[in-house]
file query_31.cif (mmCIF, C-alpha atoms and all ligand atoms)
data_input
loop_
_atom_site.label_atom_id
_atom_site.label_comp_id
_atom_site.auth_asym_id
_atom_site.auth_seq_id
_atom_site.Cartn_x
_atom_site.Cartn_y
_atom_site.Cartn_z
CA MET B 1 0.00 0.00 0.00
CA ILE B 2 1.11 3.57 -0.67
CA THR B 3 -0.05 6.45 1.49
CA MET B 4 0.28 10.02 0.28
CA LEU B 5 -0.01 13.07 2.51
CA GLY B 6 -0.75 16.57 1.24
CA GLY B 7 -3.18 18.64 -0.71
CA GLY B 8 -3.47 21.01 -3.62
CA ILE B 9 -2.86 20.80 -7.32
CA GLY B 10 0.78 19.59 -7.28
CA ALA B 11 0.05 16.65 -4.99
CA SER B 12 -3.12 15.83 -6.85
CA ARG B 13 -1.30 15.57 -10.20
CA LEU B 14 1.34 13.32 -8.66
CA TRP B 15 -1.38 11.14 -7.15
CA THR B 16 -2.87 10.62 -10.62
CA GLY B 17 0.56 9.40 -11.79
CA LEU B 18 0.96 7.15 -8.76
CA ARG B 19 -2.45 5.62 -9.40
CA GLU B 20 -1.37 4.83 -12.93
CA ALA B 21 2.10 3.57 -11.99
CA ALA B 22 0.78 1.39 -9.16
CA VAL B 23 -2.22 0.16 -11.10
CA ASP B 24 -3.52 -3.23 -9.91
CA ARG B 25 -0.44 -3.69 -7.75
CA MET B 26 -1.02 -1.54 -4.73
CA PRO B 27 -3.94 0.15 -3.07
CA LEU B 28 -3.46 3.89 -2.59
CA THR B 29 -4.61 6.04 0.29
CA ALA B 30 -4.55 9.83 0.18
CA VAL B 31 -4.55 11.66 3.51
CA VAL B 32 -5.66 15.16 2.59
CA ASN B 33 -5.19 18.49 4.33
CA THR B 34 -8.42 20.08 5.55
CA ALA B 35 -6.91 23.13 7.29
CA ASP B 36 -7.75 25.37 4.34
CA ASP B 37 -11.42 24.35 4.53
CA VAL B 38 -13.87 27.16 5.00
CA TRP B 39 -17.59 27.72 5.62
CA LEU B 40 -19.19 30.21 3.20
CA HIS B 41 -22.87 30.73 2.34
CA GLY B 42 -23.64 28.01 4.89
CA LEU B 43 -21.62 25.50 2.84
CA ARG B 44 -18.60 23.46 3.91
CA ILE B 45 -15.89 23.95 1.31
CA CYS B 46 -12.92 21.54 1.22
CA PRO B 47 -10.58 22.84 -1.51
CA ASP B 48 -7.81 20.27 -1.13
CA VAL B 49 -10.20 17.31 -0.93
CA ASP B 50 -12.16 18.51 -3.96
CA THR B 51 -9.05 19.29 -6.02
CA LEU B 52 -8.10 15.65 -5.53
CA LEU B 53 -11.57 14.20 -6.11
CA TYR B 54 -12.02 16.23 -9.31
CA GLY B 55 -8.47 15.51 -10.48
CA LEU B 56 -8.67 11.77 -9.97
CA SER B 57 -12.08 11.59 -11.62
CA GLY B 58 -10.77 13.57 -14.62
CA VAL B 59 -13.17 16.53 -14.37
CA ARG B 60 -10.92 19.20 -12.83
CA ASP B 61 -10.25 22.45 -14.69
CA GLU B 62 -6.51 22.04 -15.28
CA ASP B 63 -5.95 25.69 -16.30
CA ARG B 64 -7.40 27.09 -13.09
CA GLY B 65 -6.24 24.16 -10.95
CA TRP B 66 -9.56 24.04 -9.04
CA GLY B 67 -13.23 23.48 -9.78
CA ILE B 68 -14.76 21.60 -12.68
CA ALA B 69 -13.81 22.05 -16.35
CA GLY B 70 -16.54 23.79 -18.35
CA ASP B 71 -18.42 24.87 -15.22
CA THR B 72 -20.37 28.14 -15.23
CA PHE B 73 -20.77 30.69 -12.45
CA ARG B 74 -24.34 31.88 -12.90
CA CYS B 75 -25.30 31.27 -9.30
CA MET B 76 -22.32 33.38 -8.13
CA ALA B 77 -23.30 36.17 -10.55
CA GLN B 78 -26.81 36.21 -9.10
CA LEU B 79 -25.43 36.12 -5.56
CA ARG B 80 -23.36 39.22 -6.39
CA ARG B 81 -26.44 40.96 -7.86
CA LEU B 82 -28.29 40.25 -4.63
CA GLY B 83 -25.50 41.88 -2.62
CA GLY B 84 -23.93 38.61 -1.43
CA ASP B 85 -20.27 38.18 -0.71
CA ALA B 86 -19.02 36.26 -3.73
CA TRP B 87 -15.21 36.57 -3.65
CA PHE B 88 -14.91 32.76 -3.52
CA SER B 89 -16.34 31.31 -6.72
CA LEU B 90 -18.29 28.09 -6.53
CA GLY B 91 -19.24 26.85 -10.00
CA ASP B 92 -22.82 25.82 -10.74
CA ILE B 93 -21.90 22.13 -11.09
CA ASP B 94 -19.38 22.31 -8.25
CA LEU B 95 -22.24 23.48 -6.00
CA ALA B 96 -23.75 19.98 -6.15
CA VAL B 97 -20.82 18.51 -4.18
CA HIS B 98 -21.10 21.34 -1.66
CA LEU B 99 -24.85 20.89 -1.19
CA LEU B 100 -24.47 17.15 -0.77
CA ARG B 101 -21.48 17.38 1.59
CA THR B 102 -23.03 20.06 3.77
CA GLY B 103 -26.39 18.29 3.90
CA ARG B 104 -24.77 15.02 4.97
CA LEU B 105 -22.63 16.81 7.61
CA LEU B 106 -25.74 18.51 9.00
CA GLU B 107 -27.44 15.09 9.19
CA GLY B 108 -24.55 13.97 11.42
CA ALA B 109 -22.31 12.13 8.95
CA THR B 110 -18.58 12.63 9.42
CA LEU B 111 -16.38 14.28 6.79
CA THR B 112 -14.63 10.90 6.39
CA THR B 113 -17.93 9.20 5.50
CA VAL B 114 -19.08 11.95 3.16
CA THR B 115 -15.70 12.04 1.42
CA ARG B 116 -15.81 8.24 0.93
CA GLU B 117 -19.30 8.51 -0.55
CA LEU B 118 -18.22 11.28 -2.93
CA ALA B 119 -15.05 9.41 -3.95
CA GLU B 120 -17.08 6.27 -4.71
CA ARG B 121 -19.68 8.16 -6.71
CA LEU B 122 -17.05 10.09 -8.67
CA GLY B 123 -15.07 6.88 -9.29
CA VAL B 124 -11.67 8.16 -8.12
CA GLY B 125 -10.13 4.70 -7.52
CA VAL B 126 -8.11 5.88 -4.50
CA ARG B 127 -9.07 5.83 -0.83
CA VAL B 128 -9.39 9.51 0.13
CA LEU B 129 -9.23 10.34 3.83
CA PRO B 130 -9.61 13.89 5.13
CA MET B 131 -6.86 14.36 7.73
CA THR B 132 -9.43 14.91 10.49
CA ASP B 133 -13.18 15.03 11.08
CA ASP B 134 -12.64 17.95 13.44
CA GLU B 135 -12.55 21.53 12.23
CA VAL B 136 -9.12 23.08 11.83
CA HIS B 137 -8.33 26.25 9.95
CA THR B 138 -5.16 28.00 8.95
CA ARG B 139 -5.04 31.62 10.04
CA VAL B 140 -2.40 34.05 8.85
CA SER B 141 -1.48 37.19 10.78
CA THR B 142 -1.04 40.33 8.69
CA PRO B 143 -0.35 43.96 9.71
CA SER B 144 -4.08 44.72 9.28
CA GLY B 145 -5.26 41.74 11.29
CA PRO B 146 -5.79 37.98 11.05
CA LEU B 147 -7.17 36.35 7.90
CA HIS B 148 -8.51 32.88 7.18
CA TYR B 149 -6.13 31.25 4.67
CA GLN B 150 -8.78 31.45 1.91
CA GLU B 151 -9.31 35.16 2.59
CA TYR B 152 -5.55 35.66 2.28
CA PHE B 153 -5.15 33.43 -0.80
CA VAL B 154 -8.29 34.10 -2.81
CA ARG B 155 -9.80 37.41 -1.67
CA GLU B 156 -6.53 39.27 -0.94
CA GLU B 157 -4.54 37.43 -3.67
CA CYS B 158 -1.62 36.86 -1.26
CA ARG B 159 -0.81 40.60 -1.18
CA PRO B 160 -0.69 41.28 2.60
CA PRO B 161 2.63 40.54 4.30
CA VAL B 162 2.35 37.46 6.55
CA THR B 163 3.89 37.77 9.99
CA ALA B 164 2.72 34.46 11.49
CA VAL B 165 0.75 31.31 10.62
CA GLU B 166 -1.25 29.11 12.96
CA HIS B 167 -3.58 26.16 12.54
CA VAL B 168 -6.54 26.95 14.77
CA GLY B 169 -8.04 23.82 16.36
CA LEU B 170 -5.13 21.54 15.46
CA VAL B 171 -4.04 20.86 19.03
CA SER B 172 -7.35 19.24 19.94
CA ALA B 173 -8.09 17.69 16.53
CA ARG B 174 -7.98 13.91 16.21
CA PRO B 175 -6.71 12.20 13.07
CA ALA B 176 -9.63 10.83 11.06
CA PRO B 177 -10.29 7.08 11.38
CA GLY B 178 -7.77 5.15 9.28
CA VAL B 179 -5.17 7.94 9.04
CA LEU B 180 -2.63 6.59 11.55
CA GLU B 181 -3.09 3.04 10.31
CA ALA B 182 -2.59 4.15 6.70
CA ILE B 183 0.72 5.75 7.72
CA SER B 184 1.87 2.78 9.82
CA THR B 185 1.03 -0.01 7.40
CA ALA B 186 1.98 1.53 4.05
CA ASP B 187 4.97 0.15 2.13
CA LEU B 188 5.77 3.72 1.16
CA VAL B 189 4.64 7.09 2.54
CA VAL B 190 4.93 10.09 0.23
CA LEU B 191 4.74 13.72 1.34
CA GLY B 192 3.38 15.39 -1.76
CA PRO B 193 4.71 18.52 -3.49
CA SER B 194 2.29 20.65 -1.50
CA ASN B 195 2.58 23.95 0.33
CA PRO B 196 4.78 22.85 3.28
CA VAL B 197 3.20 25.22 5.80
CA ALA B 198 -0.42 25.37 4.57
CA SER B 199 -0.91 21.74 3.49
CA ILE B 200 1.75 19.45 5.01
CA SER B 201 2.35 21.03 8.45
CA PRO B 202 -1.30 20.59 9.58
CA ILE B 203 -1.16 16.86 8.80
CA LEU B 204 2.22 16.42 10.51
CA GLY B 205 0.90 18.42 13.47
CA LEU B 206 -2.03 16.09 14.12
CA ARG B 207 -1.78 14.07 17.28
CA GLY B 208 0.06 10.78 16.64
CA VAL B 209 1.12 11.46 13.05
CA ARG B 210 4.79 12.22 13.73
CA GLU B 211 4.97 9.24 16.09
CA ALA B 212 3.44 6.97 13.43
CA LEU B 213 6.00 8.22 10.89
CA HIS B 214 8.90 7.73 13.32
CA ALA B 215 7.77 4.20 14.15
CA ARG B 216 7.74 3.07 10.50
CA THR B 217 10.37 0.71 9.16
CA GLY B 218 9.49 1.39 5.50
CA PRO B 219 10.55 4.52 3.63
CA VAL B 220 9.06 8.01 3.84
CA VAL B 221 9.86 10.28 0.92
CA ALA B 222 9.00 13.93 0.28
CA VAL B 223 8.76 15.52 -3.15
CA THR B 224 9.89 19.12 -3.37
CA PRO B 225 7.17 21.69 -4.01
CA VAL B 226 9.86 24.29 -4.82
CA ILE B 227 11.64 24.37 -8.19
CA SER B 228 14.07 27.20 -8.96
CA ASN B 229 13.51 29.49 -11.92
CA ILE B 230 10.47 27.85 -13.48
CA PRO B 231 8.67 29.88 -16.11
CA ILE B 232 5.19 30.66 -14.77
CA THR B 233 2.69 29.64 -17.43
CA GLU B 234 -0.37 28.70 -15.47
CA ASP B 235 -3.10 30.77 -13.87
CA GLY B 236 -2.62 30.58 -10.15
CA GLU B 237 0.93 29.20 -10.23
CA GLN B 238 2.44 32.56 -9.33
CA ARG B 239 0.02 32.96 -6.46
CA ARG B 240 0.71 29.46 -5.17
CA ALA B 241 4.44 30.25 -5.22
CA ALA B 242 3.85 33.58 -3.47
CA SER B 243 1.82 31.91 -0.75
CA ARG B 244 4.42 29.16 -0.29
CA ALA B 245 7.23 31.73 -0.01
CA ALA B 246 5.29 33.98 2.39
CA LEU B 247 4.27 31.15 4.72
CA LEU B 248 7.78 29.64 4.74
CA ALA B 249 9.20 33.10 5.51
CA ALA B 250 6.74 33.48 8.40
CA ARG B 251 8.30 30.30 9.83
CA GLY B 252 11.80 31.74 9.29
CA LEU B 253 12.53 29.57 6.24
CA ALA B 254 13.77 30.38 2.75
CA HIS B 255 11.69 29.54 -0.34
CA ARG B 256 14.18 26.88 -1.31
CA ALA B 257 13.94 23.12 -1.77
CA SER B 258 16.67 22.40 0.79
CA ALA B 259 14.79 24.51 3.38
CA VAL B 260 11.71 22.32 2.83
CA ALA B 261 13.88 19.19 3.25
CA GLY B 262 15.14 20.69 6.51
CA LEU B 263 11.58 21.28 7.69
CA TYR B 264 10.67 17.61 7.11
CA ARG B 265 13.96 16.01 8.02
CA ASP B 266 12.88 14.38 11.27
CA VAL B 267 10.08 12.42 9.54
CA ILE B 268 11.52 11.53 6.11
CA ASP B 269 14.26 9.25 4.81
CA ALA B 270 14.49 10.57 1.26
CA PHE B 271 13.88 13.87 -0.52
CA VAL B 272 13.21 14.38 -4.22
CA LEU B 273 14.92 17.48 -5.64
CA ASP B 274 14.04 18.77 -9.05
CA VAL B 275 16.69 18.49 -11.78
CA ALA B 276 16.83 22.30 -11.77
CA ASP B 277 18.03 22.19 -8.15
CA GLY B 278 20.68 19.46 -8.47
CA ASP B 279 23.18 21.93 -6.98
CA GLN B 280 21.36 21.58 -3.61
CA HIS B 281 22.18 17.84 -3.47
CA GLY B 282 24.97 18.36 -0.91
CA GLU B 283 22.83 20.54 1.36
CA VAL B 284 20.05 17.95 1.47
CA ALA B 285 22.43 15.00 1.85
CA ALA B 286 24.05 16.85 4.78
CA LEU B 287 20.67 16.61 6.56
CA GLY B 288 21.14 12.82 6.59
CA LEU B 289 18.65 12.26 3.76
CA HIS B 290 18.84 10.07 0.69
CA VAL B 291 18.56 12.44 -2.30
CA ILE B 292 16.71 11.63 -5.50
CA ILE B 293 17.00 13.98 -8.46
CA ALA B 294 14.02 13.86 -10.82
CA ASP B 295 11.89 15.92 -13.14
CA THR B 296 9.23 17.09 -10.68
CA LEU B 297 7.56 19.75 -12.81
CA ILE B 298 4.11 18.24 -13.27
CA ARG B 299 1.92 20.50 -15.29
CA ASP B 300 -0.07 17.63 -16.71
CA PRO B 301 -1.14 14.64 -14.58
CA GLU B 302 0.05 12.25 -17.32
CA ARG B 303 3.58 13.59 -16.92
CA SER B 304 3.71 12.51 -13.31
CA VAL B 305 3.96 8.79 -14.14
CA GLY B 306 7.76 9.00 -14.58
CA LEU B 307 8.17 10.61 -11.16
CA ALA B 308 5.75 8.08 -9.65
CA ASP B 309 7.90 5.23 -11.04
CA ARG B 310 10.96 6.73 -9.34
CA LEU B 311 9.07 6.81 -6.03
CA LEU B 312 7.90 3.23 -6.41
CA GLU B 313 11.53 2.13 -6.85
CA LEU B 314 12.03 3.04 -3.19
CA ILE B 315 9.81 0.13 -2.17
CA SER B 316 11.96 -2.49 -3.86
CA ALA B 317 15.30 -0.79 -3.08
CA PRO B 318 17.35 -2.51 -0.36
CA ARG B 319 16.68 -0.86 2.99
CA ARG B 320 19.27 1.69 3.91
CA PRO B 321 19.68 2.66 7.53
CA LEU B 322 16.91 4.96 8.60
CA ASN B 323 17.59 8.65 8.89
CA PRO B 324 19.12 8.81 12.42
CA LEU B 325 17.17 12.02 13.06
CA ALA B 326 13.95 10.08 12.59
CA GLU B 327 14.63 7.81 15.55
CA GLY B 328 12.87 8.48 18.83
N1 LIG A 1 -9.17 29.77 -5.90
C1 LIG A 1 -9.19 31.03 -6.36
O1 LIG A 1 -8.13 31.61 -6.58
N2 LIG A 1 -10.39 31.69 -6.58
C2 LIG A 1 -11.59 31.10 -6.35
O2 LIG A 1 -12.63 31.71 -6.53
C3 LIG A 1 -11.58 29.73 -5.90
C4 LIG A 1 -12.75 29.01 -5.71
C5 LIG A 1 -12.68 27.66 -5.32
C6 LIG A 1 -13.85 26.92 -5.16
C7 LIG A 1 -13.81 25.60 -4.76
C8 LIG A 1 -12.56 25.02 -4.48
O3 LIG A 1 -12.53 23.74 -4.07
C9 LIG A 1 -11.40 25.73 -4.64
C10 LIG A 1 -11.44 27.05 -5.06
N3 LIG A 1 -10.28 27.80 -5.24
C11 LIG A 1 -10.32 29.10 -5.68
C12 LIG A 1 -8.97 27.21 -5.03
C13 LIG A 1 -8.44 27.22 -3.64
O4 LIG A 1 -9.16 27.67 -2.63
C14 LIG A 1 -6.94 27.39 -3.49
O5 LIG A 1 -6.25 27.08 -4.66
C15 LIG A 1 -6.35 26.54 -2.43
O6 LIG A 1 -7.01 26.50 -1.25
C16 LIG A 1 -4.90 26.92 -2.20
O7 LIG A 1 -4.25 25.76 -1.92
#
call {"tool": "encode", "arguments": {"input": "query_31.cif", "output": "structure tokens", "more": "lines below"}}
Ligand code: FO1
result
Amino acid sequence: MITMLGGGIGASRLWTGLREAAVDRMPLTAVVNTADDVWLHGLRICPDVDTLLYGLSGVRDEDRGWGIAGDTFRCMAQLRRLGGDAWFSLGDIDLAVHLLRTGRLLEGATLTTVTRELAERLGVGVRVLPMTDDEVHTRVSTPSGPLHYQEYFVREECRPPVTAVEHVGLVSARPAPGVLEAISTADLVVLGPSNPVASISPILGLRGVREALHARTGPVVAVTPVISNIPITEDGEQRRAASRAALLAARGLAHRASAVAGLYRDVIDAFVLDVADGDQHGEVAALGLHVIIADTLIRDPERSVGLADRLLELISAPRRPLNPLAEG
């Protein structure tokens, strides 16, 4: 079994490649960040979960990186006409998932159950677990006051300087059923190329997750979300990079692959650097990590199969001594 932790478009594209590379051989479990979830218009919105569900079912809008391809926004336009707050755009077809999810949650179903139902109905072929059934949200501090992560990312377009980041509710949140087991029993755990502070830190910060990672005997590998000097071609890519850089800086870290490796070093054995950052090999190796250099730029889910194959090689590779920092 392979378990992948993360959220967002980069991780989702890699997970499509892993599904293809591991086809019929290994069940896959995705443990998805829910700390950027938000309630708006009385609806529970789970951007990272939905990006994955839509990506794996082949309906995601790949240019935007979120929502459904070909969707329209007539309901939002009407909401605006009526004086509603419509800075966060839910497409007309996308609304169906939100109505169903919110209705089921209000009936008392857990987010884990609702997500399983949606994944089955959309035919994603991967077990999708929200990281927790409890509510957690990422809050950024800015000079003009605190903002929910979605207010910062979508409404303010990452313009305000970020002085601090916290995950409200994380201390008391429990991992969703199946999360710790999926980490403990997997042949390989992958930390996806996701925003390290917004998407990976909340999962690692859940009670028991670090302990489950430390207790593993099989490999844990992280794929860099940072690639130096990439030409920005996609809508949203610049903003995702800006958010990653700002949140890393708020934690005192550089927007650099080796800084991300340093952030994860106590829970991983191996780190995948992009070919563009081969010069950071020594810095990452000095952290006690096995370094893999690969083409990690995944603009198209199909292109992620090569990277997925490199990750799968870690399962059959002879065990090297575990990262000494990971012990205890
Ligand atoms: N991102 C935007 O930049 N603008 C939007 O209006 C927007 C709507 C939206 C609706 C549903 C959904 O699941 C995601 C949506 N996103 C939107 C993407 C999203 O919130 C961010 O890309 C991530 O949270 C950042 O990781």
call {"tool": "atom_distance", "arguments": {"input": "query_31.cif", "atom1": "CA of Trp87 (chain B)", "atom2": "atom N3 of ligand LIG 1 (chain A)"}}
result
10.2 Å
call {"tool": "residues_around", "arguments": {"input": "query_31.cif", "residues": "region 278-287 of chain B", "least_positions_apart": "6", "cutoff": "7 Å", "atoms": "all atoms listed in the file", "output": "CSV table (one decimal) with C-alpha atoms, in the frame of the given file"}}
result
chain,number,residue,atom,x,y,z
B,258,SER,CA,16.7,22.4,0.8
B,261,ALA,CA,13.9,19.2,3.2
B,262,GLY,CA,15.1,20.7,6.5
B,265,ARG,CA,14.0,16.0,8.0
B,293,ILE,CA,17.0,14.0,-8.5
call {"tool": "residues_around", "arguments": {"input": "query_31.cif", "residues": "His98 (chain B)", "least_positions_apart": "5", "cutoff": "7 Å", "atoms": "only C-alpha atoms", "output": "mmCIF file with C-alpha atoms, in the coordinates of the input"}}
result
data_model
loop_
_atom_site.group_PDB
_atom_site.id
_atom_site.type_symbol
_atom_site.label_atom_id
_atom_site.label_comp_id
_atom_site.auth_asym_id
_atom_site.auth_seq_id
_atom_site.Cartn_x
_atom_site.Cartn_y
_atom_site.Cartn_z
ATOM 1 C CA LEU B 43 -21.620 25.500 2.840
ATOM 2 C CA ARG B 44 -18.600 23.460 3.910
ATOM 3 C CA ILE B 45 -15.890 23.950 1.310
#
call {"tool": "closest_residue", "arguments": {"input": "query_31.cif", "among": "B:Ala242, B:Leu82, B:Met131, B:Met26", "to": "ligand LIG 1 (chain A)", "atoms": "all atoms listed in the file"}}
result
B:Ala242
call {"tool": "closest_residue", "arguments": {"input": "query_31.cif", "among": "B:Ser228, B:Ala212, B:Ile268, B:Asp36", "to": "Ala186 (chain B)", "atoms": "only C-alpha atoms"}}
result
B:Ala212
call {"tool": "closest_residue", "arguments": {"input": "query_31.cif", "among": "B:Arg104, B:Arg303, B:Arg239, B:Arg251", "to": "ligand LIG 1 (chain A)", "atoms": "all atoms listed in the file"}}
result
B:Arg239
call {"tool": "decode", "arguments": {"input": "query_31.cif", "residues": "region 202-224 of chain B", "atoms": "N, CA, C and O atoms", "output": "mmCIF file, in the first residue's frame"}}
result
data_model
loop_
_atom_site.group_PDB
_atom_site.id
_atom_site.type_symbol
_atom_site.label_atom_id
_atom_site.label_comp_id
_atom_site.auth_asym_id
_atom_site.auth_seq_id
_atom_site.Cartn_x
_atom_site.Cartn_y
_atom_site.Cartn_z
ATOM 1 N N PRO B 202 -0.130 20.977 8.768
ATOM 2 C CA PRO B 202 -1.296 20.587 9.577
ATOM 3 C C PRO B 202 -1.402 19.070 9.735
ATOM 4 O O PRO B 202 -1.750 18.578 10.817
ATOM 5 N N ILE B 203 -1.061 18.322 8.690
ATOM 6 C CA ILE B 203 -1.159 16.856 8.798
ATOM 7 C C ILE B 203 -0.092 16.351 9.768
ATOM 8 O O ILE B 203 -0.380 15.546 10.668
ATOM 9 N N LEU B 204 1.140 16.864 9.622
ATOM 10 C CA LEU B 204 2.222 16.423 10.514
ATOM 11 C C LEU B 204 1.953 16.841 11.957
ATOM 12 O O LEU B 204 2.427 16.200 12.891
ATOM 13 N N GLY B 205 1.164 17.917 12.124
ATOM 14 C CA GLY B 205 0.899 18.419 13.468
ATOM 15 C C GLY B 205 -0.232 17.708 14.176
ATOM 16 O O GLY B 205 -0.484 17.954 15.364
ATOM 17 N N LEU B 206 -0.928 16.819 13.471
ATOM 18 C CA LEU B 206 -2.030 16.095 14.119
ATOM 19 C C LEU B 206 -1.466 15.103 15.130
ATOM 20 O O LEU B 206 -0.441 14.456 14.859
ATOM 21 N N ARG B 207 -2.195 14.973 16.217
ATOM 22 C CA ARG B 207 -1.778 14.074 17.284
ATOM 23 C C ARG B 207 -1.466 12.659 16.733
ATOM 24 O O ARG B 207 -2.295 12.081 16.039
ATOM 25 N N GLY B 208 -0.272 12.169 17.009
ATOM 26 C CA GLY B 208 0.062 10.781 16.640
ATOM 27 C C GLY B 208 0.687 10.621 15.264
ATOM 28 O O GLY B 208 1.238 9.563 14.964
ATOM 29 N N VAL B 209 0.620 11.649 14.421
ATOM 30 C CA VAL B 209 1.122 11.462 13.047
ATOM 31 C C VAL B 209 2.651 11.364 13.021
ATOM 32 O O VAL B 209 3.222 10.473 12.404
ATOM 33 N N ARG B 210 3.317 12.281 13.720
ATOM 34 C CA ARG B 210 4.791 12.219 13.732
ATOM 35 C C ARG B 210 5.261 10.900 14.345
ATOM 36 O O ARG B 210 6.192 10.269 13.849
ATOM 37 N N GLU B 211 4.578 10.483 15.423
ATOM 38 C CA GLU B 211 4.966 9.238 16.092
ATOM 39 C C GLU B 211 4.794 8.060 15.130
ATOM 40 O O GLU B 211 5.634 7.170 15.061
ATOM 41 N N ALA B 212 3.689 8.067 14.380
ATOM 42 C CA ALA B 212 3.441 6.966 13.430
ATOM 43 C C ALA B 212 4.512 6.964 12.344
ATOM 44 O O ALA B 212 4.972 5.898 11.908
ATOM 45 N N LEU B 213 4.943 8.143 11.912
ATOM 46 C CA LEU B 213 5.995 8.218 10.886
ATOM 47 C C LEU B 213 7.328 7.737 11.466
ATOM 48 O O LEU B 213 8.071 6.994 10.819
ATOM 49 N N HIS B 214 7.637 8.146 12.694
ATOM 50 C CA HIS B 214 8.904 7.726 13.316
ATOM 51 C C HIS B 214 8.950 6.220 13.518
ATOM 52 O O HIS B 214 10.009 5.617 13.419
ATOM 53 N N ALA B 215 7.800 5.632 13.811
ATOM 54 C CA ALA B 215 7.769 4.204 14.147
ATOM 55 C C ALA B 215 7.840 3.316 12.900
ATOM 56 O O ALA B 215 7.986 2.103 13.011
ATOM 57 N N ARG B 216 7.738 3.878 11.713
ATOM 58 C CA ARG B 216 7.744 3.072 10.496
ATOM 59 C C ARG B 216 9.114 2.438 10.255
ATOM 60 O O ARG B 216 10.139 3.026 10.590
ATOM 61 N N THR B 217 9.098 1.269 9.625
ATOM 62 C CA THR B 217 10.368 0.715 9.165
ATOM 63 C C THR B 217 10.535 0.939 7.668
ATOM 64 O O THR B 217 11.644 0.944 7.160
ATOM 65 N N GLY B 218 9.434 1.136 6.950
ATOM 66 C CA GLY B 218 9.492 1.393 5.502
ATOM 67 C C GLY B 218 9.788 2.857 5.221
ATOM 68 O O GLY B 218 9.720 3.695 6.117
ATOM 69 N N PRO B 219 10.119 3.161 3.968
ATOM 70 C CA PRO B 219 10.554 4.518 3.631
ATOM 71 C C PRO B 219 9.464 5.594 3.646
ATOM 72 O O PRO B 219 8.300 5.325 3.376
ATOM 73 N N VAL B 220 9.902 6.804 3.950
ATOM 74 C CA VAL B 220 9.061 8.005 3.839
ATOM 75 C C VAL B 220 9.829 8.979 2.935
ATOM 76 O O VAL B 220 10.984 9.305 3.218
ATOM 77 N N VAL B 221 9.194 9.395 1.867
ATOM 78 C CA VAL B 221 9.864 10.278 0.917
ATOM 79 C C VAL B 221 9.028 11.538 0.720
ATOM 80 O O VAL B 221 7.803 11.469 0.697
ATOM 81 N N ALA B 222 9.702 12.675 0.575
ATOM 82 C CA ALA B 222 8.996 13.929 0.278
ATOM 83 C C ALA B 222 9.418 14.404 -1.099
ATOM 84 O O ALA B 222 10.584 14.283 -1.478
ATOM 85 N N VAL B 223 8.469 14.955 -1.831
ATOM 86 C CA VAL B 223 8.759 15.522 -3.151
ATOM 87 C C VAL B 223 8.753 17.039 -3.015
ATOM 88 O O VAL B 223 7.807 17.617 -2.465
ATOM 89 N N THR B 224 9.796 17.668 -3.521
ATOM 90 C CA THR B 224 9.895 19.123 -3.371
ATOM 91 C C THR B 224 8.723 19.850 -4.029
ATOM 92 O O THR B 224 8.353 19.540 -5.161
#
